[in-house]
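Below is run_8.cif, holding mmCIF, C-alpha atoms and all ligand atoms; chains and numbers go by the auth columns.
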data_model
loop_
_atom_site.group_PDB
_atom_site.id
_atom_site.type_symbol
_atom_site.label_atom_id
_atom_site.label_comp_id
_atom_site.label_asym_id
_atom_site.label_seq_id
_atom_site.Cartn_x
_atom_site.Cartn_y
_atom_site.Cartn_z
_atom_site.B_iso_or_equiv
_atom_site.auth_seq_id
_atom_site.auth_asym_id
ATOM 1 C CA MET A 1 -1.245 -18.198 4.449 0.00 1 A
ATOM 2 C CA ASN A 2 -2.940 -14.865 5.109 0.00 2 A
ATOM 3 C CA TRP A 3 -5.186 -13.490 2.365 0.00 3 A
ATOM 4 C CA TRP A 4 -3.063 -10.334 2.023 0.00 4 A
ATOM 5 C CA GLU A 5 0.161 -12.246 1.234 0.00 5 A
ATOM 6 C CA SER A 6 -0.621 -12.537 -2.487 0.00 6 A
ATOM 7 C CA LEU A 7 -1.179 -8.765 -2.545 0.00 7 A
ATOM 8 C CA VAL A 8 2.301 -8.188 -1.096 0.00 8 A
ATOM 9 C CA ILE A 9 3.737 -10.388 -3.871 0.00 9 A
ATOM 10 C CA GLU A 10 1.720 -8.577 -6.558 0.00 10 A
ATOM 11 C CA ALA A 11 2.825 -5.185 -5.204 0.00 11 A
ATOM 12 C CA GLN A 12 6.453 -6.353 -5.429 0.00 12 A
ATOM 13 C CA GLU A 13 5.875 -7.442 -9.033 0.00 13 A
ATOM 14 C CA ILE A 14 4.538 -3.974 -9.913 0.00 14 A
ATOM 15 C CA ILE A 15 7.720 -2.420 -8.455 0.00 15 A
ATOM 16 C CA ASN A 16 10.014 -4.929 -10.199 0.00 16 A
ATOM 17 C CA LYS A 17 8.335 -4.475 -13.562 0.00 17 A
ATOM 18 C CA HIS A 18 7.602 -0.749 -13.662 0.00 18 A
ATOM 19 C CA HIS A 19 10.005 0.896 -11.188 0.00 19 A
ATOM 20 C CA GLN A 20 13.219 -1.103 -10.809 0.00 20 A
ATOM 21 C CA ASP A 21 14.051 -4.741 -10.256 0.00 21 A
ATOM 22 C CA GLU A 22 14.194 -5.226 -6.487 0.00 22 A
ATOM 23 C CA SER A 23 13.427 -8.961 -6.594 0.00 23 A
ATOM 24 C CA SER A 24 16.591 -10.048 -4.759 0.00 24 A
ATOM 25 C CA PHE A 25 16.033 -7.357 -2.091 0.00 25 A
ATOM 26 C CA PHE A 26 12.384 -8.400 -1.611 0.00 26 A
ATOM 27 C CA ALA A 27 13.373 -12.081 -1.481 0.00 27 A
ATOM 28 C CA GLY A 28 15.412 -11.319 1.644 0.00 28 A
ATOM 29 C CA CYS A 29 12.613 -9.384 3.382 0.00 29 A
ATOM 30 C CA ASN A 30 9.820 -10.484 5.688 0.00 30 A
ATOM 31 C CA PHE A 31 6.606 -8.477 5.515 0.00 31 A
ATOM 32 C CA ASP A 32 3.859 -8.512 8.105 0.00 32 A
ATOM 33 C CA VAL A 33 0.599 -6.707 7.411 0.00 33 A
ATOM 34 C CA SER A 34 -1.834 -5.626 10.101 0.00 34 A
ATOM 35 C CA PHE A 35 -4.975 -3.501 10.091 0.00 35 A
ATOM 36 C CA ILE A 36 -5.105 -0.658 12.541 0.00 36 A
ATOM 37 C CA GLN A 37 -7.132 2.471 13.199 0.00 37 A
ATOM 38 C CA GLU A 38 -4.292 4.977 13.468 0.00 38 A
ATOM 39 C CA THR A 39 -1.988 5.495 10.511 0.00 39 A
ATOM 40 C CA ASP A 40 0.595 8.165 9.762 0.00 40 A
ATOM 41 C CA ASP A 41 -0.907 8.945 6.408 0.00 41 A
ATOM 42 C CA ALA A 42 -4.315 8.169 4.976 0.00 42 A
ATOM 43 C CA PHE A 43 -4.045 4.451 4.237 0.00 43 A
ATOM 44 C CA GLY A 44 -0.966 2.958 5.769 0.00 44 A
ATOM 45 C CA PHE A 45 2.517 3.149 7.141 0.00 45 A
ATOM 46 C CA VAL A 46 5.616 1.027 7.216 0.00 46 A
ATOM 47 C CA ASP A 47 7.870 0.375 10.171 0.00 47 A
ATOM 48 C CA GLY A 48 11.014 -1.681 10.686 0.00 48 A
ATOM 49 C CA THR A 49 14.480 -2.190 9.296 0.00 49 A
ATOM 50 C CA TYR A 50 15.919 -4.718 6.877 0.00 50 A
ATOM 51 C CA PRO A 51 14.924 -7.538 6.706 0.00 51 A
ATOM 52 C CA ASN A 52 11.761 -7.280 8.856 0.00 52 A
ATOM 53 C CA TYR A 53 9.059 -4.793 7.944 0.00 53 A
ATOM 54 C CA LYS A 54 5.633 -4.208 9.411 0.00 54 A
ATOM 55 C CA ILE A 55 3.052 -2.641 7.106 0.00 55 A
ATOM 56 C CA GLY A 56 0.045 -1.145 8.845 0.00 56 A
ATOM 57 C CA LEU A 57 -3.114 -0.581 6.850 0.00 57 A
ATOM 58 C CA HIS A 58 -6.187 1.357 7.853 0.00 58 A
ATOM 59 C CA THR A 59 -8.993 -0.766 9.323 0.00 59 A
ATOM 60 C CA LEU A 60 -11.318 0.728 6.687 0.00 60 A
ATOM 61 C CA LEU A 61 -9.555 -1.650 4.241 0.00 61 A
ATOM 62 C CA SER A 62 -9.683 -4.754 6.445 0.00 62 A
ATOM 63 C CA LYS A 63 -12.404 -6.713 4.611 0.00 63 A
ATOM 64 C CA PRO A 64 -10.938 -8.697 1.662 0.00 64 A
ATOM 65 C CA THR A 65 -13.438 -7.511 -0.950 0.00 65 A
ATOM 66 C CA PRO A 66 -12.154 -7.278 -4.559 0.00 66 A
ATOM 67 C CA GLU A 67 -12.216 -3.492 -4.289 0.00 67 A
ATOM 68 C CA ASN A 68 -10.293 -3.426 -1.010 0.00 68 A
ATOM 69 C CA GLN A 69 -7.737 -5.850 -2.449 0.00 69 A
ATOM 70 C CA ASP A 70 -7.159 -3.427 -5.340 0.00 70 A
ATOM 71 C CA PHE A 71 -6.775 -0.565 -2.854 0.00 71 A
ATOM 72 C CA ILE A 72 -4.411 -2.581 -0.646 0.00 72 A
ATOM 73 C CA ARG A 73 -2.187 -3.739 -3.535 0.00 73 A
ATOM 74 C CA MET A 74 -1.432 -0.136 -4.501 0.00 74 A
ATOM 75 C CA THR A 75 -1.123 1.023 -0.882 0.00 75 A
ATOM 76 C CA ILE A 76 1.523 -1.673 -0.360 0.00 76 A
ATOM 77 C CA VAL A 77 3.308 -0.403 -3.500 0.00 77 A
ATOM 78 C CA HIS A 78 3.369 2.994 -1.771 0.00 78 A
ATOM 79 C CA GLU A 79 4.862 1.519 1.424 0.00 79 A
ATOM 80 C CA LEU A 80 7.436 -0.533 -0.535 0.00 80 A
ATOM 81 C CA LEU A 81 8.573 2.687 -2.232 0.00 81 A
ATOM 82 C CA HIS A 82 9.161 4.174 1.248 0.00 82 A
ATOM 83 C CA ILE A 83 11.353 1.154 2.079 0.00 83 A
ATOM 84 C CA ILE A 84 13.372 1.273 -1.165 0.00 84 A
ATOM 85 C CA HIS A 85 13.749 5.070 -1.090 0.00 85 A
ATOM 86 C CA ALA A 86 14.156 5.968 2.578 0.00 86 A
ATOM 87 C CA ASP A 87 15.329 9.450 1.533 0.00 87 A
ATOM 88 C CA TRP A 88 12.207 10.278 -0.509 0.00 88 A
ATOM 89 C CA ASN A 89 9.579 12.576 0.984 0.00 89 A
ATOM 90 C CA GLU A 90 5.842 11.824 0.971 0.00 90 A
ATOM 91 C CA GLY A 91 5.250 13.792 -2.227 0.00 91 A
ATOM 92 C CA GLN A 92 7.939 11.908 -4.169 0.00 92 A
ATOM 93 C CA VAL A 93 6.524 8.552 -3.025 0.00 93 A
ATOM 94 C CA ALA A 94 2.950 9.579 -3.869 0.00 94 A
ATOM 95 C CA ASN A 95 3.980 10.791 -7.341 0.00 95 A
ATOM 96 C CA GLU A 96 5.761 7.532 -8.112 0.00 96 A
ATOM 97 C CA GLU A 97 2.807 5.540 -6.694 0.00 97 A
ATOM 98 C CA TYR A 98 0.506 7.267 -9.204 0.00 98 A
ATOM 99 C CA ARG A 99 2.980 6.781 -12.062 0.00 99 A
ATOM 100 C CA LEU A 100 3.255 3.050 -11.306 0.00 100 A
ATOM 101 C CA ALA A 101 -0.533 2.731 -10.906 0.00 101 A
ATOM 102 C CA ASN A 102 -0.906 4.233 -14.358 0.00 102 A
ATOM 103 C CA LEU A 103 1.640 1.831 -15.894 0.00 103 A
ATOM 104 C CA ALA A 104 0.161 -1.210 -14.102 0.00 104 A
ATOM 105 C CA GLY A 105 -3.440 -0.357 -14.993 0.00 105 A
ATOM 106 C CA TYR A 106 -4.504 0.688 -11.489 0.00 106 A
ATOM 107 C CA PHE A 107 -4.873 4.448 -11.914 0.00 107 A
ATOM 108 C CA GLN A 108 -8.682 4.296 -11.598 0.00 108 A
ATOM 109 C CA THR A 109 -8.160 2.185 -8.489 0.00 109 A
ATOM 110 C CA LEU A 110 -6.274 5.017 -6.801 0.00 110 A
ATOM 111 C CA LEU A 111 -8.926 7.558 -7.735 0.00 111 A
ATOM 112 C CA ARG A 112 -11.656 5.222 -6.385 0.00 112 A
ATOM 113 C CA ARG A 113 -9.612 4.497 -3.244 0.00 113 A
ATOM 114 C CA ASP A 114 -9.207 8.177 -2.413 0.00 114 A
ATOM 115 C CA GLU A 115 -12.904 8.810 -3.037 0.00 115 A
ATOM 116 C CA ALA A 116 -14.084 5.709 -1.155 0.00 116 A
ATOM 117 C CA TYR A 117 -11.813 6.512 1.762 0.00 117 A
ATOM 118 C CA LEU A 118 -13.221 10.002 2.157 0.00 118 A
ATOM 119 C CA LYS A 119 -16.750 8.621 1.909 0.00 119 A
ATOM 120 C CA ARG A 120 -16.137 5.923 4.530 0.00 120 A
ATOM 121 C CA VAL A 121 -14.503 8.393 6.906 0.00 121 A
ATOM 122 C CA ARG A 122 -17.530 10.638 6.504 0.00 122 A
ATOM 123 C CA ASN A 123 -19.879 7.707 7.212 0.00 123 A
ATOM 124 C CA LEU A 124 -17.925 6.788 10.344 0.00 124 A
ATOM 125 C CA LYS A 125 -18.140 10.391 11.514 0.00 125 A
ATOM 126 C CA ASP A 126 -21.916 10.288 10.955 0.00 126 A
ATOM 127 C CA LEU A 127 -22.133 7.267 13.259 0.00 127 A
ATOM 128 C CA GLU A 128 -20.363 9.003 16.130 0.00 128 A
HETATM 129 ZN ZN ZN B . 3.585 7.499 2.575 0.00 1 B
#
Exercise: express the given structure as C-alpha cells:
Amino acid sequence: MNWWESLVIEAQEIINKHHQDESSFFAGCNFDVSFIQETDDAFGFVDGTYPNYKIGLHTLLSKPTPENQDFIRMTIVHELLHIIHADWNEGQVANEEYRLANLAGYFQTLLRRDEAYLKRVRNLKDLE
C-alpha cells in the first residue's frame, strides 16, 4: 500500500460528509497518485475517465511529512470535486474546496499550503 492511499480515503470521507455522499461512486473508482513537476494548476491535476483516474501532485509535496500530508489531503479533495463536477470551472471548485476545508477543520492547512508553496517555489528559483 502506498503512503498516499489513506489520504485518498480521507479526502473521500471529507466529500461524503461535508459535500454530498459519493461513497458508492468512489467505491467503483480506481485512483492513482503520482508526483510530477508540471501541473495544470498550482498543486495538482486529475486525468482520466470513470472508473480510472490519475491524480498528479506537484513534486514539492512528494515527501510524506505531516504537513505535506495535510496539504495533499485537501488537494485531493480539490481534484475529486473536479471529477464529481466536470462542468464546474476552477473558481467554483476552489470555492467549494475552501468551504469544505473550513467544515473539516483544514482551513488553516490551505492558508499554510498556499504560503508554503509560494515560499518553496521562491527557494527553488533561488537555486537556479
Ligand atoms: Zn483545479
* Asked: For ligand ZN 1 (chain B), which residue out of A:Gln92, A:Thr49, A:Ser34, A:Asn102 is the nearest one, using all atoms listed in the file?
  ->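 Looking at the shortest contact to ligand ZN 1 (chain B), the residue is A:Gln92.
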* Can you give me, as a ChimeraX atom specification, the residues this file yields under the PyMOL selection byres (((chain A and resi 44) around 6) and not hetatm)? => /A:39,43,45,56-58
Axis-aligned box for all listed atoms of segment 76-88 of chain A, 5 Å per side, centre and edges in Å to one decimal, as lines of an AutoDock Vina configuration file:
center_x = 8.4
center_y = 4.3
center_z = -0.5
size_x = 23.8
size_y = 22.0
size_z = 16.1
List all protein, DNA and RNA residues that have an atom no more than 9 Å from any atom of ligand ZN 1 (chain B), counting only C-alpha atoms and all ligand atoms, and report them as a PDB file with C-alpha atoms, in the coordinates of the input.
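part_24.pdb, written as the output of this step:
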ATOM      1  CA  ASP A  40       0.595   8.165   9.762  1.00  0.00           C
ATOM      2  CA  ASP A  41      -0.907   8.945   6.408  1.00  0.00           C
ATOM      3  CA  ALA A  42      -4.315   8.169   4.976  1.00  0.00           C
ATOM      4  CA  PHE A  43      -4.045   4.451   4.237  1.00  0.00           C
ATOM      5  CA  GLY A  44      -0.966   2.958   5.769  1.00  0.00           C
ATOM      6  CA  PHE A  45       2.517   3.149   7.141  1.00  0.00           C
ATOM      7  CA  VAL A  46       5.616   1.027   7.216  1.00  0.00           C
ATOM      8  CA  THR A  75      -1.123   1.023  -0.882  1.00  0.00           C
ATOM      9  CA  HIS A  78       3.369   2.994  -1.771  1.00  0.00           C
ATOM     10  CA  GLU A  79       4.862   1.519   1.424  1.00  0.00           C
ATOM     11  CA  LEU A  81       8.573   2.687  -2.232  1.00  0.00           C
ATOM     12  CA  HIS A  82       9.161   4.174   1.248  1.00  0.00           C
ATOM     13  CA  ASN A  89       9.579  12.576   0.984  1.00  0.00           C
ATOM     14  CA  GLU A  90       5.842  11.824   0.971  1.00  0.00           C
ATOM     15  CA  GLY A  91       5.250  13.792  -2.227  1.00  0.00           C
ATOM     16  CA  VAL A  93       6.524   8.552  -3.025  1.00  0.00           C
ATOM     17  CA  ALA A  94       2.950   9.579  -3.869  1.00  0.00           C
TER      18      ALA A  94
END
* Residue IDs satisfying the PyMOL selection byres (((chain A and resi 70) around 10) and not hetatm), as a ChimeraX atom specification -> /A:7,64-69,71-75,106,109-110,112-113
* When the PyMOL selection byres (((chain A and resi 8) around 10) and not hetatm) is applied to the file above, which residues end up in the set, as a list of chain:residue names? ->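 That selection, the PyMOL selection byres (((chain A and resi 8) around 10) and not hetatm), comes back as A:Trp3, A:Trp4, A:Glu5, A:Ser6, A:Leu7, A:Ile9, A:Glu10, A:Ala11, A:Gln12, A:Glu13, A:Phe31, A:Asp32, A:Val33, A:Ile55, A:Ile72, A:Arg73, A:Met74, A:Thr75, A:Ile76, A:Val77, A:Leu80.
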Write the residues you've just listed into a file as an mmCIF file, in the frame of the given file, and include C-alpha atoms for each of them.
data_model
loop_
_atom_site.group_PDB
_atom_site.id
_atom_site.type_symbol
_atom_site.label_atom_id
_atom_site.label_comp_id
_atom_site.auth_asym_id
_atom_site.auth_seq_id
_atom_site.Cartn_x
_atom_site.Cartn_y
_atom_site.Cartn_z
ATOM 1 C CA TRP A 3 -5.186 -13.490 2.365
ATOM 2 C CA TRP A 4 -3.063 -10.334 2.023
ATOM 3 C CA GLU A 5 0.161 -12.246 1.234
ATOM 4 C CA SER A 6 -0.621 -12.537 -2.487
ATOM 5 C CA LEU A 7 -1.179 -8.765 -2.545
ATOM 6 C CA ILE A 9 3.737 -10.388 -3.871
ATOM 7 C CA GLU A 10 1.720 -8.577 -6.558
ATOM 8 C CA ALA A 11 2.825 -5.185 -5.204
ATOM 9 C CA GLN A 12 6.453 -6.353 -5.429
ATOM 10 C CA GLU A 13 5.875 -7.442 -9.033
ATOM 11 C CA PHE A 31 6.606 -8.477 5.515
ATOM 12 C CA ASP A 32 3.859 -8.512 8.105
ATOM 13 C CA VAL A 33 0.599 -6.707 7.411
ATOM 14 C CA ILE A 55 3.052 -2.641 7.106
ATOM 15 C CA ILE A 72 -4.411 -2.581 -0.646
ATOM 16 C CA ARG A 73 -2.187 -3.739 -3.535
ATOM 17 C CA MET A 74 -1.432 -0.136 -4.501
ATOM 18 C CA THR A 75 -1.123 1.023 -0.882
ATOM 19 C CA ILE A 76 1.523 -1.673 -0.360
ATOM 20 C CA VAL A 77 3.308 -0.403 -3.500
ATOM 21 C CA LEU A 80 7.436 -0.533 -0.535
#
* What gap, in Å, lies between atom CA of Phe35 of chain A and atom CA of Leu61 of chain A? ->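 According to the coordinates, atom CA of Phe35 of chain A and atom CA of Leu61 of chain A are separated by 7.7 Å.
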* At what distance in Å, to one decimal, does atom CA of Asn52 of chain A lie from atom CA of Ile36 of chain A? -> 18.5 Å
* Asked: Using only C-alpha atoms, which residues sit within 8 Å of Leu60 of chain A once same-chain residues fewer than 4 positions away are excluded, as a PyMOL selection string?
  -> chain A and resi 37+117+120
Expected file contents, prior selection, C-alpha atoms, as a CSV table (one decimal), in the coordinates of the input:
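Saved to out-v9.csv:
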chain,number,residue,atom,x,y,z
A,37,GLN,CA,-7.1,2.5,13.2
A,117,TYR,CA,-11.8,6.5,1.8
A,120,ARG,CA,-16.1,5.9,4.5
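For the pair atom CA of Asp114 of chain A and atom CA of Glu96 of chain A, the interatomic distance is 16.0 Å.
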